[in-house]
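Worksheet: one structure, shown below.
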Amino acid sequence: MAKVKRNILWSFIGIVVLIVAVVISFIKYKNRQCNDIEVVIAEKDDDSFVDDSEVKRIIYDVIPEIQGYKMEDIDLPRLDSALREQPFIRNVDIYKTIGGLLRIEVHQRKPLLRVINKAGGNYYIDADGTIFPVSERKATNTLVASGEIPNFYNFVQQHTYKVSVADKGKDVLADLFYLALLINGDDFWRDQLQQIYVDGDRDSGYEYELIPMVGKQILKIGSIDEYDRKMYYLKSFYISGIKKTDWNKYCEINVKYKDQIVCRKAD
């Protein structure tokens with residue numbers, strides 16, 4: 001019986017010690033000052049739009065003397081909002097550590113397509129269908145769309161826009177978005193194509209031409225209807241139906257007509 005009482009006593013003492021330790025740690029944390037900022041850029045590469053110094057600049061613009069601030073006084077939602085206003089940032093995670101470190105993890109936008117149109121528009125579309133401006137500091141090597149694209153956006157009034165992805169076949173940007181997804185998701189096409197040219201208009205309908213990196217031919221797929229089937233036929237023709245040395249014999253390869261591949265020889 002005495003042994004049981006001793007065990008209960010020691011258990012009680014252990015719980016009290018633990019509670020005291022937690023309270024002391026909490027008090028220390030409340031008084032802890034921010035001593036450093038750590039920035040992690042997820043999936044950072046040579047085409048990154050955002051770097052550590054740019055993120056820290058935004059943080060210091062919001063709280064100029066953040067190093068030295070009490071950790072509990074740092075307004076994380078305010079910092080999060082300031083970072084998310086940047087068009088090149090897709091997502092942000094901010095943490096405080098008990099050691100006084102402010103850790104910021106940034107996920108940036110990765111361009112799927114760059115649009116350059118006759119209306120003076122020049123912007124990117126990412127895999128989420130977000131439309132965002134080009135960077136004044138850095139250009140990235142990505143698929144380009146040009147031609148009769150009417151969409152123009154004022155990025156001064158609004159930082160980002162969204163593609164109406166449900167309007168495939170009705171909106172040219174929705175068509176381009178799905179085409180770019182297919183091209184970038186296929187190793188063969190991603191290495192083969194450099195540009196999508198848009199012809200036509202909203203009334204008569206848009207048609208699409210693909211321009212390879214190598215060779216002088218134009219690949220015509222016509223409207224967006226059954227675009228995945230047309231791209232499959234084109235790929236099969238490139239891989240199995242034509243010798244690599246014969247590519248330049250044709251100036252045009254057309255799959256706009258159902259179940260047909262029409263080739264026009266170069267002069």
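We name chains A, B, ... following the order of the structure tokens; residues begin at 1 in each chain, and ligands are numbered from 1 as shown.
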When DSSP works through the backbone of this structure, what residues of stretch 134-261 of chain A end up as strand (DSSP E), shown as a ChimeraX atom specification?
/A:144-147,161-162,193-201,205-212,218-222,250-254
Restrict the selected residues to N, CA and C atoms and save them as a CSV table (one decimal), in the first residue's frame.
chain,number,residue,atom,x,y,z
A,144,VAL,N,5.0,29.9,-75.9
A,144,VAL,CA,4.5,31.2,-76.2
A,144,VAL,C,3.2,31.1,-77.1
A,145,ALA,N,2.2,31.9,-76.8
A,145,ALA,CA,1.0,32.0,-77.7
A,145,ALA,C,0.9,33.4,-78.2
A,146,SER,N,0.6,33.5,-79.5
A,146,SER,CA,0.5,34.8,-80.2
A,146,SER,C,-0.6,34.8,-81.2
A,147,GLY,N,-0.8,35.9,-81.8
A,147,GLY,CA,-1.8,36.0,-82.9
A,147,GLY,C,-3.1,36.7,-82.5
A,161,TYR,N,-5.6,37.5,-62.5
A,161,TYR,CA,-6.9,37.1,-63.1
A,161,TYR,C,-7.0,35.6,-63.2
A,162,LYS,N,-8.2,35.1,-63.6
A,162,LYS,CA,-8.3,33.7,-63.8
A,162,LYS,C,-8.9,33.4,-65.2
A,193,LEU,N,7.8,21.8,-79.3
A,193,LEU,CA,7.1,23.0,-79.7
A,193,LEU,C,7.5,24.2,-79.0
A,194,GLN,N,7.5,25.3,-79.7
A,194,GLN,CA,7.9,26.6,-79.0
A,194,GLN,C,6.8,27.6,-79.1
A,195,GLN,N,5.8,27.5,-79.9
A,195,GLN,CA,4.8,28.5,-80.1
A,195,GLN,C,3.4,28.0,-80.6
A,196,ILE,N,2.3,28.7,-80.1
A,196,ILE,CA,1.0,28.4,-80.6
A,196,ILE,C,0.5,29.7,-81.2
A,197,TYR,N,0.1,29.6,-82.5
A,197,TYR,CA,-0.4,30.8,-83.2
A,197,TYR,C,-1.9,30.7,-83.3
A,198,VAL,N,-2.6,31.8,-83.0
A,198,VAL,CA,-4.1,31.8,-83.0
A,198,VAL,C,-4.6,32.6,-84.2
A,199,ASP,N,-5.5,32.0,-85.0
A,199,ASP,CA,-6.1,32.7,-86.1
A,199,ASP,C,-7.6,32.6,-85.9
A,200,GLY,N,-8.3,33.6,-86.6
A,200,GLY,CA,-9.7,33.7,-86.5
A,200,GLY,C,-10.2,34.7,-85.5
A,201,ASP,N,-11.5,34.6,-85.1
A,201,ASP,CA,-12.1,35.5,-84.1
A,201,ASP,C,-13.2,34.8,-83.4
A,205,GLY,N,-14.9,31.7,-85.1
A,205,GLY,CA,-14.2,30.6,-84.4
A,205,GLY,C,-12.7,30.7,-84.5
A,206,TYR,N,-12.0,30.2,-83.5
A,206,TYR,CA,-10.6,30.3,-83.5
A,206,TYR,C,-10.0,29.0,-84.0
A,207,GLU,N,-8.8,29.1,-84.7
A,207,GLU,CA,-8.1,27.9,-85.1
A,207,GLU,C,-6.6,28.1,-84.6
A,208,TYR,N,-6.0,26.9,-84.4
A,208,TYR,CA,-4.7,26.9,-83.8
A,208,TYR,C,-3.6,26.3,-84.6
A,209,GLU,N,-2.5,26.9,-84.7
A,209,GLU,CA,-1.3,26.4,-85.4
A,209,GLU,C,-0.1,26.3,-84.4
A,210,LEU,N,0.6,25.2,-84.5
A,210,LEU,CA,1.7,24.9,-83.7
A,210,LEU,C,3.0,25.1,-84.4
A,211,ILE,N,4.0,25.7,-83.8
A,211,ILE,CA,5.3,26.0,-84.5
A,211,ILE,C,6.4,25.3,-83.7
A,212,PRO,N,7.0,24.3,-84.4
A,212,PRO,CA,8.1,23.5,-83.8
A,212,PRO,C,9.4,24.4,-83.6
A,218,ILE,N,4.5,24.1,-90.3
A,218,ILE,CA,3.5,24.6,-89.4
A,218,ILE,C,2.5,23.4,-89.2
A,219,LEU,N,2.1,23.2,-87.9
A,219,LEU,CA,1.2,22.1,-87.6
A,219,LEU,C,-0.1,22.7,-87.3
A,220,LYS,N,-1.1,22.4,-88.2
A,220,LYS,CA,-2.4,22.9,-88.0
A,220,LYS,C,-3.4,21.9,-87.4
A,221,ILE,N,-4.0,22.4,-86.3
A,221,ILE,CA,-4.9,21.5,-85.6
A,221,ILE,C,-6.4,22.0,-85.7
A,222,GLY,N,-6.5,23.2,-86.3
A,222,GLY,CA,-7.9,23.7,-86.5
A,222,GLY,C,-8.5,24.2,-85.2
A,250,TYR,N,8.1,19.0,-95.8
A,250,TYR,CA,6.8,19.5,-95.7
A,250,TYR,C,6.8,20.9,-95.0
A,251,CYS,N,6.0,21.8,-95.5
A,251,CYS,CA,5.8,23.1,-94.9
A,251,CYS,C,4.6,23.2,-94.0
A,252,GLU,N,3.7,22.2,-94.2
A,252,GLU,CA,2.4,22.2,-93.4
A,252,GLU,C,2.0,20.8,-93.2
A,253,ILE,N,1.6,20.5,-91.9
A,253,ILE,CA,1.0,19.2,-91.6
A,253,ILE,C,-0.4,19.5,-90.9
A,254,ASN,N,-1.4,19.1,-91.5
A,254,ASN,CA,-2.8,19.5,-91.1
A,254,ASN,C,-3.6,18.3,-90.6
Residues of stretch 20-162 of chain A in helix (DSSP H, G or I) according to DSSP, as a ChimeraX atom specification?
/A:20-31,52-62,71-73,76-84
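Nearest-residue note for A:Glu65: choosing from A:Val50, A:Leu173, A:Ile37, A:Ile104, the minimum distance belongs to A:Ile37, counting only C-alpha atoms.
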To one decimal place in Å, what is the distance between atom CA of A:Ile98 and atom CA of A:Asp73?
13.7 Å
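Distances from A:Glu105, A:Asp80, A:Asp61, A:Glu72 to A:Lys44 were compared using only C-alpha atoms, and the smallest one belongs to A:Glu105.
Between atom CA of A:Ser81 and atom CA of A:Pro111 there is a distance of 22.1 Å.
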What's around stretch 125-132 of chain A at 9 Å? Count only C-alpha atoms, leave out sequence neighbours fewer than 4 positions away in its own chain, and write the answer as a ChimeraX atom specification.
/A:87-88,109-115,153,155,159-165,174,177,180-181
Store the residues picked out above in a file with N, CA, C and O atoms, as a compact mmCIF listing (two decimals), in the first residue's frame.
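Produced file again_12.txt, reproduced below:
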# COMPACT_ATOMS: atom_id res chain seq x y z
N PRO A 87 2.07 39.03 -57.40
CA PRO A 87 1.50 38.16 -58.44
C PRO A 87 2.29 36.89 -58.71
O PRO A 87 1.74 35.92 -59.22
N PHE A 88 3.58 36.88 -58.36
CA PHE A 88 4.41 35.72 -58.65
C PHE A 88 4.38 34.68 -57.53
O PHE A 88 4.96 33.61 -57.67
N ARG A 109 4.64 30.92 -58.56
CA ARG A 109 3.92 30.49 -59.76
C ARG A 109 4.92 30.03 -60.82
O ARG A 109 5.99 30.60 -60.97
N LYS A 110 4.53 28.98 -61.52
CA LYS A 110 5.35 28.45 -62.60
C LYS A 110 4.59 28.64 -63.91
O LYS A 110 3.51 28.06 -64.09
N PRO A 111 5.10 29.45 -64.82
CA PRO A 111 4.37 29.71 -66.07
C PRO A 111 4.17 28.44 -66.90
O PRO A 111 5.09 27.64 -67.08
N LEU A 112 2.96 28.30 -67.38
CA LEU A 112 2.63 27.24 -68.33
C LEU A 112 2.71 27.77 -69.75
O LEU A 112 3.09 27.05 -70.68
N LEU A 113 2.38 29.06 -69.89
CA LEU A 113 2.26 29.68 -71.21
C LEU A 113 2.47 31.18 -71.08
O LEU A 113 2.02 31.80 -70.12
N ARG A 114 3.14 31.75 -72.06
CA ARG A 114 3.26 33.22 -72.14
C ARG A 114 2.43 33.70 -73.33
O ARG A 114 2.56 33.17 -74.44
N VAL A 115 1.57 34.67 -73.08
CA VAL A 115 0.69 35.21 -74.12
C VAL A 115 1.18 36.59 -74.53
O VAL A 115 1.37 37.47 -73.70
N TYR A 153 -5.33 42.63 -70.04
CA TYR A 153 -5.56 42.76 -68.60
C TYR A 153 -4.76 43.92 -68.03
O TYR A 153 -3.61 44.15 -68.42
N PHE A 155 -2.94 45.01 -64.98
CA PHE A 155 -2.39 44.48 -63.74
C PHE A 155 -2.11 45.56 -62.71
O PHE A 155 -1.67 45.25 -61.60
N HIS A 159 -3.92 42.38 -59.43
CA HIS A 159 -2.64 41.70 -59.57
C HIS A 159 -2.73 40.44 -60.43
O HIS A 159 -1.81 40.13 -61.19
N THR A 160 -3.81 39.69 -60.30
CA THR A 160 -3.97 38.45 -61.07
C THR A 160 -5.42 38.31 -61.54
O THR A 160 -6.33 38.94 -60.99
N TYR A 161 -5.61 37.47 -62.54
CA TYR A 161 -6.94 37.15 -63.06
C TYR A 161 -7.01 35.63 -63.21
O TYR A 161 -6.02 34.92 -63.00
N LYS A 162 -8.17 35.13 -63.60
CA LYS A 162 -8.34 33.69 -63.79
C LYS A 162 -8.89 33.38 -65.18
O LYS A 162 -9.74 34.10 -65.70
N VAL A 163 -8.38 32.31 -65.77
CA VAL A 163 -8.92 31.82 -67.03
C VAL A 163 -10.27 31.15 -66.75
O VAL A 163 -10.43 30.43 -65.76
N SER A 164 -11.24 31.40 -67.62
CA SER A 164 -12.54 30.73 -67.50
C SER A 164 -12.40 29.33 -68.08
O SER A 164 -12.77 29.07 -69.23
N VAL A 165 -11.86 28.42 -67.28
CA VAL A 165 -11.49 27.09 -67.79
C VAL A 165 -12.71 26.30 -68.26
O VAL A 165 -12.57 25.35 -69.04
N ALA A 174 -9.15 29.92 -72.64
CA ALA A 174 -9.46 28.58 -72.14
C ALA A 174 -8.91 27.53 -73.10
O ALA A 174 -8.33 26.52 -72.67
N PHE A 177 -5.17 27.42 -72.67
CA PHE A 177 -4.84 26.80 -71.38
C PHE A 177 -4.80 25.27 -71.51
O PHE A 177 -3.83 24.62 -71.09
N ALA A 180 -1.89 24.15 -73.77
CA ALA A 180 -0.62 24.27 -73.06
C ALA A 180 -0.45 23.19 -72.01
O ALA A 180 0.66 22.67 -71.80
N LEU A 181 -1.54 22.83 -71.33
CA LEU A 181 -1.48 21.73 -70.37
C LEU A 181 -1.05 20.43 -71.05
O LEU A 181 -0.20 19.69 -70.53
Which residues are near A:Arg137? Cut-off 12 Å, only C-alpha atoms, ignore same chain within fewer than 4 positions. Put them as a compact mmCIF listing (two decimals) with C-alpha atoms, in the first residue's frame.
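The new file out_7.txt reads:
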# COMPACT_ATOMS: atom_id res chain seq x y z
CA ASP A 47 13.68 30.58 -63.84
CA SER A 48 12.49 31.60 -60.36
CA PHE A 49 10.70 34.97 -60.22
CA VAL A 50 11.10 35.31 -56.45
CA ASP A 51 14.25 35.20 -54.34
CA GLU A 54 12.64 40.05 -52.42
CA PHE A 88 4.41 35.72 -58.65
CA PRO A 133 2.07 39.74 -65.41
For the atom pair atom CA of A:Ile224 and atom CA of A:Asp267, what is the interatomic distance in Å to one decimal place?
29.0 Å
